[in-house]
>>> print(open('my_file16.cif').read())   # mmCIF, C-alpha atoms
data_start
#
loop_
_atom_site.group_PDB
_atom_site.id
_atom_site.type_symbol
_atom_site.label_atom_id
_atom_site.label_comp_id
_atom_site.auth_asym_id
_atom_site.auth_seq_id
_atom_site.Cartn_x
_atom_site.Cartn_y
_atom_site.Cartn_z
ATOM 1 C CA MET L 171 45.832 102.828 100.217
ATOM 2 C CA GLU L 172 45.765 99.301 101.626
ATOM 3 C CA ARG L 173 49.458 99.486 102.524
ATOM 4 C CA ALA L 174 48.988 102.888 104.145
ATOM 5 C CA PHE L 175 46.411 101.356 106.492
ATOM 6 C CA ALA L 176 48.710 98.378 107.106
ATOM 7 C CA LYS L 177 51.599 100.688 107.964
ATOM 8 C CA HIS L 178 49.759 103.354 109.969
ATOM 9 C CA GLY L 179 46.638 101.619 111.252
ATOM 10 C CA PHE L 180 43.125 102.927 110.772
ATOM 11 C CA ALA L 181 43.117 105.934 113.085
ATOM 12 C CA GLU L 182 46.386 107.595 112.141
ATOM 13 C CA PRO L 183 46.550 108.161 108.386
ATOM 14 C CA ASN L 184 44.872 111.367 107.331
ATOM 15 C CA ILE L 185 43.228 111.838 103.962
ATOM 16 C CA GLU L 186 46.359 113.405 102.473
ATOM 17 C CA THR L 187 48.419 110.349 103.447
ATOM 18 C CA LEU L 188 45.806 108.102 101.861
ATOM 19 C CA ARG L 189 45.650 110.279 98.756
ATOM 20 C CA LYS L 190 49.425 110.117 98.365
ATOM 21 C CA ALA L 191 49.291 106.345 98.736
ATOM 22 C CA THR L 192 46.886 106.130 95.802
ATOM 23 C CA GLY L 193 48.785 108.570 93.609
ATOM 24 C CA VAL L 194 45.642 110.375 92.482
ATOM 25 C CA SER L 195 44.192 113.810 93.109
ATOM 26 C CA LEU L 196 41.904 114.398 96.065
ATOM 27 C CA ARG L 197 39.007 114.982 93.673
ATOM 28 C CA THR L 198 39.611 111.651 91.924
ATOM 29 C CA LEU L 199 39.986 109.837 95.225
ATOM 30 C CA TYR L 200 36.643 111.137 96.507
ATOM 31 C CA LYS L 201 34.997 110.435 93.151
ATOM 32 C CA TYR L 202 35.688 106.712 93.522
ATOM 33 C CA VAL L 203 35.666 106.384 97.312
ATOM 34 C CA PRO L 204 33.538 109.157 98.793
ATOM 35 C CA SER L 205 34.266 108.499 102.480
ATOM 36 C CA ARG L 206 36.965 107.202 104.781
ATOM 37 C CA GLU L 207 34.755 104.203 105.590
ATOM 38 C CA ARG L 208 34.545 103.352 101.869
ATOM 39 C CA MET L 209 38.333 103.744 101.625
ATOM 40 C CA ILE L 210 38.812 101.177 104.381
ATOM 41 C CA LEU L 211 36.372 98.732 102.777
ATOM 42 C CA ARG L 212 37.970 99.128 99.339
ATOM 43 C CA ALA L 213 41.457 98.687 100.797
ATOM 44 C CA LEU L 214 40.417 95.508 102.590
ATOM 45 C CA GLU L 215 38.645 94.122 99.519
ATOM 46 C CA HIS L 216 41.849 94.684 97.560
ATOM 47 C CA ARG L 217 43.888 93.040 100.309
ATOM 48 C CA HIS L 218 41.521 90.059 100.330
ATOM 49 C CA ARG L 219 42.073 89.493 96.612
ATOM 50 C CA ARG L 220 45.870 89.784 96.927
ATOM 51 C CA TYR L 221 45.953 87.422 99.914
ATOM 52 C CA MET L 222 43.886 84.773 98.147
ATOM 53 C CA VAL L 223 46.080 84.868 95.045
ATOM 54 C CA GLN L 224 49.294 84.621 97.060
ATOM 55 C CA VAL L 225 48.192 81.972 99.566
ATOM 56 C CA PHE L 226 46.071 79.867 97.179
ATOM 57 C CA PRO L 227 47.640 80.069 93.715
ATOM 58 C CA GLU L 228 46.468 76.535 92.844
ATOM 59 C CA THR L 229 42.770 77.371 93.203
ATOM 60 C CA GLU L 230 42.203 76.738 89.503
ATOM 61 C CA LYS L 231 44.094 73.426 89.553
ATOM 62 C CA ALA L 232 42.963 70.087 90.902
ATOM 63 C CA ASP L 233 46.318 69.400 92.618
ATOM 64 C CA GLN L 234 46.277 69.167 96.383
ATOM 65 C CA VAL L 235 48.915 70.764 98.570
ATOM 66 C CA PRO L 236 49.766 69.921 102.159
ATOM 67 C CA LEU L 237 48.233 72.229 104.743
ATOM 68 C CA ALA L 238 51.798 72.898 105.960
ATOM 69 C CA THR L 239 52.528 74.457 102.544
ATOM 70 C CA ILE L 240 49.592 76.807 103.010
ATOM 71 C CA VAL L 241 50.928 77.674 106.480
ATOM 72 C CA ASP L 242 54.294 78.507 104.876
ATOM 73 C CA ARG L 243 52.530 80.820 102.423
ATOM 74 C CA VAL L 244 50.648 82.536 105.242
ATOM 75 C CA ALA L 245 53.956 82.951 107.108
ATOM 76 C CA HIS L 246 55.502 84.485 103.987
ATOM 77 C CA TRP L 247 52.514 86.853 103.756
ATOM 78 C CA MET L 248 52.981 87.811 107.398
ATOM 79 C CA LYS L 249 56.694 88.513 106.918
ATOM 80 C CA ALA L 250 56.130 90.568 103.789
ATOM 81 C CA GLU L 251 52.781 92.220 104.379
ATOM 82 C CA THR L 252 51.491 92.105 107.935
ATOM 83 C CA THR L 253 54.053 92.173 110.681
ATOM 84 C CA HIS L 254 51.473 93.501 113.165
ATOM 85 C CA GLY L 255 48.743 90.873 112.790
ATOM 86 C CA CYS L 256 45.618 90.565 110.698
ATOM 87 C CA LEU L 257 44.547 93.838 109.088
ATOM 88 C CA PHE L 258 40.930 92.650 108.894
ATOM 89 C CA HIS L 259 40.784 92.119 112.659
ATOM 90 C CA ALA L 260 42.453 95.484 113.217
ATOM 91 C CA ALA L 261 39.832 97.187 111.052
ATOM 92 C CA VAL L 262 36.951 95.623 112.973
ATOM 93 C CA ALA L 263 38.642 96.501 116.262
ATOM 94 C CA SER L 264 38.861 100.125 115.118
ATOM 95 C CA ALA L 265 35.126 100.234 114.293
ATOM 96 C CA PRO L 266 33.411 97.367 116.148
ATOM 97 C CA GLN L 267 29.889 98.563 115.303
ATOM 98 C CA ASP L 268 30.531 98.652 111.542
ATOM 99 C CA GLU L 269 28.486 95.758 110.150
ATOM 100 C CA GLU L 270 30.023 96.017 106.685
ATOM 101 C CA LEU L 271 33.517 95.608 108.107
ATOM 102 C CA ARG L 272 32.425 92.665 110.223
ATOM 103 C CA ALA L 273 30.766 91.034 107.193
ATOM 104 C CA LEU L 274 33.942 91.520 105.148
ATOM 105 C CA LEU L 275 36.008 89.965 107.949
ATOM 106 C CA ASP L 276 33.620 87.000 108.125
ATOM 107 C CA ARG L 277 33.690 86.521 104.347
ATOM 108 C CA HIS L 278 37.486 86.745 104.204
ATOM 109 C CA LYS L 279 37.979 84.202 106.987
ATOM 110 C CA ALA L 280 35.341 81.807 105.659
ATOM 111 C CA GLU L 281 36.810 81.888 102.148
ATOM 112 C CA MET L 282 40.313 81.375 103.545
ATOM 113 C CA ALA L 283 39.221 78.276 105.511
ATOM 114 C CA ASP L 284 37.186 76.911 102.598
ATOM 115 C CA ARG L 285 40.021 77.311 100.099
ATOM 116 C CA ALA L 286 42.556 75.827 102.521
ATOM 117 C CA ALA L 287 40.319 72.810 103.125
ATOM 118 C CA LYS L 288 39.794 72.260 99.386
ATOM 119 C CA ALA L 289 43.452 72.799 98.487
ATOM 120 C CA SER L 290 44.673 70.417 101.185
ATOM 121 C CA GLY L 291 41.960 67.787 100.757
ATOM 122 C CA LEU L 292 40.748 68.302 104.319
ATOM 123 C CA HIS L 293 37.068 68.869 103.540
ATOM 124 C CA GLY L 294 34.965 69.178 106.665
ATOM 125 C CA GLN L 295 37.921 70.495 108.660
ATOM 126 C CA GLU L 296 37.371 74.197 107.912
ATOM 127 C CA SER L 297 36.948 75.177 111.575
ATOM 128 C CA GLU L 298 40.137 73.426 112.607
ATOM 129 C CA ILE L 299 42.051 74.902 109.673
ATOM 130 C CA SER L 300 40.721 78.345 110.521
ATOM 131 C CA LEU L 301 41.944 78.025 114.101
ATOM 132 C CA ILE L 302 45.411 76.956 112.947
ATOM 133 C CA ILE L 303 45.789 79.795 110.450
ATOM 134 C CA GLU L 304 44.170 82.402 112.712
ATOM 135 C CA GLY L 305 46.374 81.276 115.575
ATOM 136 C CA LEU L 306 49.407 81.678 113.343
ATOM 137 C CA MET L 307 48.360 85.159 112.234
ATOM 138 C CA GLN L 308 47.572 86.382 115.735
ATOM 139 C CA SER L 309 50.691 84.921 117.363
ATOM 140 C CA TRP L 310 53.050 85.903 114.541
ATOM 141 C CA PRO L 311 53.828 89.431 115.818
ATOM 142 C CA LEU L 312 54.990 87.996 119.163
ATOM 143 C CA ARG L 313 56.446 84.614 118.258
ATOM 144 C CA GLY L 314 57.406 84.742 114.569
ATOM 145 C CA ASP L 315 58.841 81.462 113.311
ATOM 146 C CA GLU L 316 57.899 79.696 116.552
ATOM 147 C CA SER L 317 54.276 80.257 115.516
ATOM 148 C CA VAL L 318 54.964 78.657 112.144
ATOM 149 C CA ARG L 319 56.493 75.574 113.764
ATOM 150 C CA ALA L 320 53.512 75.209 116.112
ATOM 151 C CA ALA L 321 51.001 75.666 113.276
ATOM 152 C CA LYS L 322 52.782 73.007 111.205
ATOM 153 C CA ALA L 323 52.724 70.599 114.147
ATOM 154 C CA LEU L 324 48.963 71.088 114.374
ATOM 155 C CA CYS L 325 48.640 70.605 110.609
ATOM 156 C CA ALA L 326 50.404 67.269 110.935
ATOM 157 C CA LEU L 327 48.028 66.169 113.683
ATOM 158 C CA LEU L 328 45.008 67.281 111.690
ATOM 159 C CA GLY L 329 46.242 65.604 108.510
ATOM 160 C CA GLU L 330 46.888 62.357 110.337
ATOM 161 C CA GLY L 331 43.419 62.383 111.851
ATOM 162 C CA HIS L 332 44.605 62.756 115.465
ATOM 163 C CA VAL L 333 42.397 65.773 116.024
ATOM 164 C CA PRO L 334 38.647 65.064 116.134
ATOM 165 C CA SER L 335 36.554 67.374 114.001
ATOM 166 C CA ALA L 336 34.380 69.990 115.682
ATOM 167 C CA GLU L 337 31.275 68.183 114.352
ATOM 168 C CA ALA L 338 32.301 64.929 116.067
ATOM 169 C CA GLU L 339 32.805 66.797 119.343
ATOM 170 C CA THR L 340 29.309 68.291 119.306
ATOM 171 C CA SER L 341 27.399 65.157 118.330
#
>>> encode(input="my_file16.cif", output="structure tokens")
Amino acid sequence: MERAFAKHGFAEPNIETLRKATGVSLRTLYKYVPSRERMILRALEHRHRRYMVQVFPETEKADQVPLATIVDRVAHWMKAETTHGCLFHAAVASAPQDEELRALLDRHKAEMADRAAKASGLHGQESEISLIIEGLMQSWPLRGDESVRAAKALCALLGEGHVPSAEAETS
């Protein structure tokens, strides 16, 4: 179901398309996800889990990885899974008043930034990391590999301490 939304967006796929994507009967589908809104939430929750496993496989280990490596993993995700931009943002754009969707988007982005900061040893730089990765994801559909190069250049600046943290700017 998640890939059906990624391929068709949130307005286009009808229930039959979504049912076919799950490979279950309509009755079974509605038993577990009784509404289209629940289908979208479930699909995004599943996508969140897959993204975290692919982009942050070392979560259980103490080894640090360069932020540029995480950017490469996000770029791989974009090439393989999301050629049109972030599915979470697209979902919120399709239903801007849906508080559950917005909360899921917020949780996904916060966890992404937190894990990236921990994995790269850049604690306290979550906002900056979020901007780099979000910038990559939003510019990817238009600029592709150029976006990856720019994100890596920003990672290098951040890792070398050339970019002041958001906290230092506001104090």
>>> atom_distance(input="my_file16.cif", atom1="CA of Leu312 (chain L)", atom2="CA of Gly255 (chain L)")
9.4 Å
>>> closest_residue(input="my_file16.cif", among="L:Glu269, L:Asp242, L:Glu298, L:Asp276", to="Gly314 (chain L)", atoms="only C-alpha atoms")
L:Asp242
>>> resolve_selection(input="my_file16.cif", expression="the PyMOL selection byres ((chain L and resi 306-308) around 7)", output="ChimeraX atom specification")
/L:255-256,302-305,309-311,317-318,321
>>> resolve_selection(input="my_file16.cif", expression="the PyMOL selection byres ((chain L and resi 171) around 6)", output="VMD selection string")
chain L and resid 172 to 174 188 191 to 192
>>> closest_residue(input="my_file16.cif", among="L:Thr198, L:Cys325, L:Glu251, L:Ile299", to="Arg220 (chain L)", atoms="only C-alpha atoms")
L:Glu251
>>> decode(input="my_file16.cif", residues="region 266-304 of chain L", atoms="N, CA and C atoms", output="short mmCIF file (atom, residue, chain, number, x, y, z; two decimals), in the first residue's frame")
data_model
loop_
_atom_site.label_atom_id
_atom_site.label_comp_id
_atom_site.auth_asym_id
_atom_site.auth_seq_id
_atom_site.Cartn_x
_atom_site.Cartn_y
_atom_site.Cartn_z
N PRO L 266 -3.83 18.99 4.82
CA PRO L 266 -3.13 19.87 5.76
C PRO L 266 -3.78 20.03 7.12
N GLN L 267 -5.05 19.72 7.25
CA GLN L 267 -5.73 19.85 8.54
C GLN L 267 -5.65 18.58 9.39
N ASP L 268 -5.09 17.52 8.84
CA ASP L 268 -5.03 16.23 9.54
C ASP L 268 -3.90 16.27 10.57
N GLU L 269 -4.27 16.38 11.83
CA GLU L 269 -3.30 16.49 12.92
C GLU L 269 -2.48 15.21 13.10
N GLU L 270 -3.10 14.06 12.85
CA GLU L 270 -2.36 12.80 12.99
C GLU L 270 -1.25 12.71 11.94
N LEU L 271 -1.55 13.12 10.72
CA LEU L 271 -0.53 13.12 9.68
C LEU L 271 0.60 14.07 10.02
N ARG L 272 0.24 15.26 10.48
CA ARG L 272 1.26 16.25 10.84
C ARG L 272 2.13 15.73 11.99
N ALA L 273 1.52 15.08 12.97
CA ALA L 273 2.28 14.53 14.09
C ALA L 273 3.22 13.42 13.62
N LEU L 274 2.76 12.61 12.68
CA LEU L 274 3.61 11.55 12.13
C LEU L 274 4.78 12.15 11.36
N LEU L 275 4.52 13.19 10.58
CA LEU L 275 5.59 13.89 9.87
C LEU L 275 6.61 14.45 10.87
N ASP L 276 6.13 15.11 11.90
CA ASP L 276 7.03 15.69 12.92
C ASP L 276 7.87 14.60 13.59
N ARG L 277 7.23 13.50 13.94
CA ARG L 277 7.95 12.40 14.61
C ARG L 277 9.00 11.81 13.68
N HIS L 278 8.64 11.59 12.42
CA HIS L 278 9.57 11.02 11.45
C HIS L 278 10.80 11.92 11.28
N LYS L 279 10.56 13.21 11.11
CA LYS L 279 11.67 14.14 10.88
C LYS L 279 12.53 14.31 12.13
N ALA L 280 11.91 14.35 13.28
CA ALA L 280 12.68 14.48 14.53
C ALA L 280 13.54 13.24 14.76
N GLU L 281 12.97 12.06 14.54
CA GLU L 281 13.75 10.84 14.74
C GLU L 281 14.88 10.75 13.73
N MET L 282 14.63 11.16 12.49
CA MET L 282 15.67 11.16 11.47
C MET L 282 16.84 12.05 11.91
N ALA L 283 16.56 13.27 12.35
CA ALA L 283 17.61 14.20 12.76
C ALA L 283 18.35 13.69 14.00
N ASP L 284 17.60 13.14 14.95
CA ASP L 284 18.21 12.62 16.17
C ASP L 284 19.15 11.45 15.86
N ARG L 285 18.68 10.51 15.04
CA ARG L 285 19.52 9.36 14.71
C ARG L 285 20.75 9.79 13.91
N ALA L 286 20.57 10.73 13.00
CA ALA L 286 21.70 11.20 12.19
C ALA L 286 22.74 11.87 13.09
N ALA L 287 22.28 12.67 14.04
CA ALA L 287 23.20 13.35 14.95
C ALA L 287 23.95 12.32 15.81
N LYS L 288 23.26 11.33 16.33
CA LYS L 288 23.90 10.30 17.15
C LYS L 288 24.87 9.47 16.32
N ALA L 289 24.44 9.05 15.13
CA ALA L 289 25.28 8.19 14.30
C ALA L 289 26.54 8.90 13.84
N SER L 290 26.44 10.20 13.61
CA SER L 290 27.59 10.96 13.10
C SER L 290 28.40 11.64 14.19
N GLY L 291 27.94 11.56 15.43
CA GLY L 291 28.66 12.21 16.53
C GLY L 291 28.48 13.71 16.54
N LEU L 292 27.44 14.20 15.92
CA LEU L 292 27.18 15.64 15.85
C LEU L 292 26.02 16.02 16.77
N HIS L 293 26.08 15.60 18.01
CA HIS L 293 25.05 15.92 18.99
C HIS L 293 24.89 17.43 19.09
N GLY L 294 23.66 17.88 19.22
CA GLY L 294 23.39 19.30 19.31
C GLY L 294 23.26 19.98 17.96
N GLN L 295 23.46 19.22 16.89
CA GLN L 295 23.38 19.78 15.54
C GLN L 295 22.16 19.23 14.77
N GLU L 296 21.15 18.79 15.50
CA GLU L 296 19.99 18.16 14.87
C GLU L 296 19.29 19.09 13.88
N SER L 297 19.15 20.37 14.23
CA SER L 297 18.47 21.30 13.32
C SER L 297 19.24 21.48 12.02
N GLU L 298 20.55 21.60 12.13
CA GLU L 298 21.38 21.76 10.94
C GLU L 298 21.35 20.51 10.08
N ILE L 299 21.43 19.35 10.73
CA ILE L 299 21.37 18.08 10.01
C ILE L 299 20.02 17.94 9.31
N SER L 300 18.96 18.30 10.01
CA SER L 300 17.63 18.23 9.42
C SER L 300 17.53 19.09 8.17
N LEU L 301 18.07 20.29 8.23
CA LEU L 301 18.03 21.17 7.06
C LEU L 301 18.82 20.59 5.89
N ILE L 302 19.96 19.98 6.16
CA ILE L 302 20.75 19.37 5.09
C ILE L 302 19.98 18.22 4.45
N ILE L 303 19.46 17.32 5.26
CA ILE L 303 18.77 16.15 4.71
C ILE L 303 17.44 16.54 4.07
N GLU L 304 16.70 17.45 4.70
CA GLU L 304 15.44 17.91 4.10
C GLU L 304 15.70 18.64 2.79
#
